[in-house]
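What follows is a single structure, written as structure tokens, with notes after it.
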Amino acid sequence: MKVWLDGRLVEKQDAKLTVFDHGTLYGDGVFEGIRIYSGKIFQIQAHIDRFFESAGAIRLKIPYDKRQVRQFLYETVKANDKSDGYIRLVVTRGEGTLGLNPNKCPRPSLFIIVDDIELYPREMYEKGMPVIIAKTVRTSPRMLNPAIKCLNYLNNSLAKIECVDAGVGEAIMLNEHGQICEATGDNVFIVKNGVVITPPSEAGVLRGVTRGVVMKLAGRLGIKAIEMPVGPEELAAADECFLTGTAAEVVPVTKVDGRPVGHGHVGAITKKLIKAFHEFTRSHEAE
């Protein structure tokens, strides 16, 4: 495996950061997870734009421009001979001191990993997956802007531990007001009376790239898609539920905390959106 690290491609075993990197010491950095379909980097510009926006929000200046990052992504994909796979694009604050002061880090460190990924078993896409509602509460937007895709994922990791302990694929997190926020790594959608509903950004969600694509595809299919607050009671009464994410794509949820969603099987609208998304990934619009 070849990893792009600070200006050059290196072997996996040589892709190392110093222990004084603030990404390691404090989770000080941002990242993007991106899919590759048939040699094309999925929604590459949307991901690069969000990457730079996240970095700007924490006042981390990426030492390259967007055009260069795009070039580096394709160089790494080519070096690893991947026509289908997953990319992790990361920038850290860089090497500094044991103190918090980011001004002590003179140059950020950027790296790109290209590898295979399969988040959920194939049968979950056909039969649906069980999830739980986590006890871990999502970090408040008043504390950390959810639009920042930062390296500090401890909040999500704690909720992930809960779902692993429960033997399910995902955990849905509530915000400080008890509303549905997002899953540990995916956005949440419900379907009620033919309308697709997902929590708004002010609920504390990351506005996922796949989330946006799915909402656009719903509109093309003549399915109304809206953002509005969703409580656990709306989830319990939903006709359908599904999650979206770069790695997950569109995965149906058929059980929450042991109780079936709707009729307990993958719903018609979810099936349509799964099919439409797979077609979209193979289209000229995918890149």
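FYI, nothing fancy with the structure tokens labels: chains A, B, ... in order, residues from 1 per chain, ligands from 1 as they appear.
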query = Could you pull out the helix (DSSP H, G or I) residues of range 39-234 of chain A from DSSP and send them as an MDAnalysis selection string?
reply = chainID A and resid 44:57 66:79 102:104 122:127 154:166 201:203 209:220 232:234
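Surrounding range 201-213 of chain A within 8 Å are Gln43, Ala46, His47, Arg138, Thr139, Ser140, Pro141, Asn145, Pro146, Ala147, Ile148, Lys149, Asn175, Gln179, Ile180, Cys181, Glu182, Asp186, Asn187, Pro199, Met215, Lys216, Leu217, Pro229, Thr244, Gly245, Thr246, Glu249 and Phe277 of chain A, with only C-alpha atoms counted and residues fewer than 2 positions along the same chain left out.
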Selection: 7 Å around Leu60 in chain A, only C-alpha atoms, excl. self and same-chain fewer than 3 positions, as a PDB file with C-alpha atoms, in the first residue's frame:
ATOM      1  CA  ALA A  55      -9.930  23.311   8.378  1.00  0.00           C
ATOM      2  CA  GLY A  56     -10.816  26.996   8.088  1.00  0.00           C
ATOM      3  CA  ARG A  93      -2.153  20.658  13.043  1.00  0.00           C
TER       4      ARG A  93
END
message = Report as a list in words all protein, DNA and RNA residues lying within 8 Å of Val253 in chain A, evaluated on only C-alpha atoms, omitting residues in the same chain fewer than 4 positions from it.
response =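 Counting only the stated atoms, we get Gly128, Met129, Pro130, Val131, Glu240, Cys241, Phe242, Leu243, Val261 and Val266 of chain A.
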ask   = Residues at most 10 Å from Gly7 in chain A, counting only C-alpha atoms, excluding those fewer than 4 positions away in the same chain, as a PyMOL selection string?
value = chain A and resi 64+72+109-111
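For the choices A:Ile112, A:Ala238, A:Lys12, A:Val256, the atom-to-atom distance to Cys163 in chain A is smallest for A:Val256 when using only C-alpha atoms.
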remark   = Computed gap from CA of Asn193 in chain A to CA of Met228 in chain A is 14.8 Å
key: strand (DSSP E or B) call set, DSSP backbone run, range 113-287 of chain A, as a ChimeraX atom specification   = /A:113-115,129-133,150,170-174,180-183,187-192,195-198,225-227,240-245,249-256,259-260
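Minimum atom-to-atom distances from A:Lys272, A:Lys40, A:Lys127, A:His284 to Lys82 in chain A were compared using only C-alpha atoms, and the lowest value belongs to A:Lys40.
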request  = Take CA of Asn103 in chain A and CA of Arg67 in chain A and report the distance between them in Å, one decimal.
outcome  = 26.1 Å
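Excluding Gly267 in chain A and any residue on its chain fewer than 4 positions from it, the residues at most 9 Å away by only C-alpha atoms are Val191, Asp239, Glu240, Cys241, Pro252, Thr254, Gly262, His263, Lys271 and Lys272 of chain A.
Comparing the minimum interatomic distances between Arg35 in chain A and each of A:Thr97, A:Thr270, A:Thr281, A:Ser54, counting only C-alpha atoms, we find that A:Thr281 sits nearest.
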